[in-house]
Amino acid sequence: MNTSRLNGVMQNAAALGEKSRACLNDFKSWVQLDSTNLSDGQQLAVKYFTVAVILFFAQILFGLLAATQFIYPSFLYEILDFNVNRMIHINAMIVWMLYGFIGCVYWFLEDESGTEIVGLKLGNIAFWVLTGAVTVVVLVYLLVQIGPGKDSSLWFINEGREYIEAPRWADIGIVVVMLIFFYNVVATFSKGKWSGIAGVLTLDLVALAGLYVAGMFYMTNITHEQYWWWWVIHLWVEATWEVLVGVIMAWSLMKLLGVRRKIIQTWLYIEVALMFGSGILGLGHHYFWIGTPEYWLTIGGFFSALEPIPLVAMVVHAVYDSGTHAFKNGNHPALAWIIAQAFGNFFGAGVWGFMHTLPQINLYTHGTQWSASHGHLAFFGAYATINIAFFYLAIQHWRGDVWMGGGSQNAWRWKWALGLLNGGVLGMTIALLIAGYEQSFIERAVEGSTWGGYFTAQNHPSFQSAMVWRLFFGTITFAGFILLVWDLLTIGKGETRKAPEIIES
Amino acid sequence: MEETPIWASESFWKKTAIWVTAGSFLILVVLTMDTLTKTSAGSKRVPAYAVINKKVDYQYDKALHKSMPIIGENEFLFGKEYTEEEARQLVDLGKKTTQAKNCMNCHTLLGNGAYFAPDLTKAWLDKGWISKDMREDMMVKFLMDPENNARTYGSNRKMPNLKITEQEAKGIIAFLKWMSSIDTNGFPYNFKTIEAED
Ligand code: HEM
Ligand code: HEM
Ligand SMILES: [Fe+2]
């Protein structure tokens, strides 16, 4: 290559760097966020939140691509096939939610322990390592996509197991980063003070990280493989994540409404007992049809049918606390999203889950759009909502604890974002529910689940129109997301009234 | 002064939470050990890999009110009899290939995965392969070049070309045959196999 061309490239690169720096500076002066309002732990937390929002965007984008392929199968055929889009859709979801949770914990760690984070520098390094790894994984998903049937593919491209597709090298990286996070939590509480919330959090994180390891092995025997795969997926979302959210919720309600610690912690223990008491053996509702013994029909059916109980308790808890404090608080969007969480969790996980959890029904709904209907409402209702609520808590503090009320001039933005996001996901859920019922009847009950039966159900007009409605409500969800981001960046800008100090009562 | 009753106290619920969690987990560990032994390859529920040498069918059992896998006479795959170790290697290649090609994000296996393409649990037994004589050949061709061997049943949904080699295709077919012999407690219900007369 001749030097002048090389020089040209270098100059272009330098100019590009310059330009992006200028853009970033413009952006910073536009958002007007003052980072001196944040403690060190909170500055780390907002980094996690930022990546979480970006991945949330990726989730929705690739969901839309996958949903389009249901209607136009040749769309991006052999360029970005359905399996690639769907994998990125659900992986981005898992990862953005974990980023959000880690951010939440870093956010309140100093407040709850009463001291500074012990390994702040380590925490920052871990953040960059994790984010770099996530970027590489996604690029490989997009550009390499698949490999030959060899171990090396599972190590470096993708593991091909729904939700935990990340290649093995990344698994190991994730575990290391989680260990650093865990060290930070335990060491900080040990240096400062322990509390009920701290204790539950610590034990829950041990379980959460430990379970991930159960999903890191290759097995020829698919029954064994799926057995362990569900340990990760089910025991995450129906046990450890649920408790983690309980912890985050407990701290938020204390800060937002001033609920007394004793009451909050008692509730937290009740929720842990009910959630783990039903959710751990409720795992059996995934062991009906994968080759595992028949006793799982009884155990899985019975315990999973109890799982809605803690979710009812959580609704009671959130609504009762809000009511006794007459909904008095200085952050209306956060409280609105917390209420959305209580109901979304109850309906998405509790009601939608219960509806197909008995084996007599699951025989027909298993592996249909019914599962997708439940999956969307549950993940959104239980885990997207709480993260969004926390984003609002964080942005308020970042703005210097200004008033964020429903009557403010730009409050329409968060209200519309709330409405569009919840309405969009609910609309998709209903569309998928109709598709799921149709599949259960036609593909499973009438046609006996043959390939021909599958396509008869897919070609049915009610299925096809459900797919159109799903895409329509998907775009509503997307619009809500855009509005949400805009609102998060601008809410409280120029607001001078302070949020009232909330005192424990 | 009002006393907090024991059932409303923090410490009571703390202890309850610990005991309930530990108890449930312990039961799960015991059940896991039992399940793993009862489902190891070569058990009654999950046949040994050499089952690919046999005829596999799935028939409704009136007494049990569900369909059960039926393992029959010798019926070699690709005209060859495999030892258990050879069969394991072939199924292993197939299983690994299904992961490396990310099949699960379009299809379901044992009903788990994605809903863009048909379930693979009993794919080996599906009537879609028209007749038993044509089945193996059709499957290899389809897997290696799905675009030109597509049967979309009027849906226009085509499987993409995943650059599956012939050996990998054979492995996948062995894996599918083996998987179709697993006792899945009657899922799918009312499934009519390629063996069934109309
Ligand atoms: C927030 C909590 C929950 C989340 C995020 C969640 C999410 C999901 C998702 C994504 C799936 C589909 C898995 C797949 O891809 O195959 C699923 C399956 C299932 N869930 Fe949940 N779930 C939750 C709680 C519950 C609860 C409380 C119940 C029961 C009361 C339940 C019952 C089921 C059942 C029976 C299936 C199996 C569906 C099938 O047979 O295909 N879930 N869940
Ligand atoms: C623009 C909005 C969205 C669209 C268009 C969309 C579309 C899709 C599509 C096409 C699938 C594949 C389903 C299949 O295999 O047939 C899927 C799966 C899934 N999506 Fe979404 N999605 C959207 C938003 C969300 C949100 C907000 C969440 C949760 C926070 C979510 C969670 C999931 C889950 C858990 C699955 C796996 C379900 C299962 O396997 O049962 N999606 N989505
Ligand atoms: Fe579950």
# chains A, B, ... in the order shown; residues from 1 in each chain; ligands from 1

call {"tool": "interface_residues", "arguments": {"of": "chain B", "to": "chain A", "cutoff": "7 Å", "atoms": "only C-alpha atoms", "output": "PyMOL selection string"}}
result
chain B and resi 9-10+13-14+16-17+20-21+24-25+28+35-36+39+41+45-46+92-93+95-97+99-102+104-106+108+110-113+115+118+126+128+153+155-157+160+168+182-185+187-192

call {"tool": "residues_near_ligand", "arguments": {"ligand": "ligand 1", "cutoff": "6 Å", "atoms": "only C-alpha atoms and all ligand atoms", "output": "MDAnalysis selection string"}}
result
(chainID A and resid 237:238 285:286 304:305 307:308 345 349:350 353:354 356:357 362 366:367 371 375 378:379 382) or (chainID B and resid 112:113)

call {"tool": "select_by_dssp", "arguments": {"residues": "range 193-432 of chain A", "states": "alpha helix (DSSP H)", "output": "number ranges by chain"}}
result
A: 196-214, 222-235, 241-257, 261-282, 295-306, 308-324, 332-344, 352-355, 359-365, 369-378, 385-398, 411-432

call {"tool": "atom_distance", "arguments": {"atom1": "CA of Ala207 in chain A", "atom2": "CA of Phe181 in chain A"}}
result
13.8 Å

call {"tool": "closest_residue", "arguments": {"among": "B:Ala114, B:Leu26, B:Leu125, B:Val56", "to": "ligand 2", "atoms": "only C-alpha atoms and all ligand atoms"}}
result
B:Ala114

call {"tool": "select_by_dssp", "arguments": {"residues": "range 62-194 of chain B", "states": "strand (DSSP E or B)", "output": "list in words"}}
result
Lys66, Ser67, Met68, Pro69, Ile70, Ile71, Gly72, Glu73, Asn74, Leu77, Lys80, Thr108, Leu109, Asn112 and Gly113 of chain B

call {"tool": "closest_residue", "arguments": {"among": "B:Tyr82, B:His65, B:Leu77, B:Phe116", "to": "ligand 2", "atoms": "only C-alpha atoms and all ligand atoms"}}
result
B:Phe116

call {"tool": "atom_distance", "arguments": {"atom1": "CA of Ala58 in chain A", "atom2": "CA of Ala479 in chain A"}}
result
13.8 Å
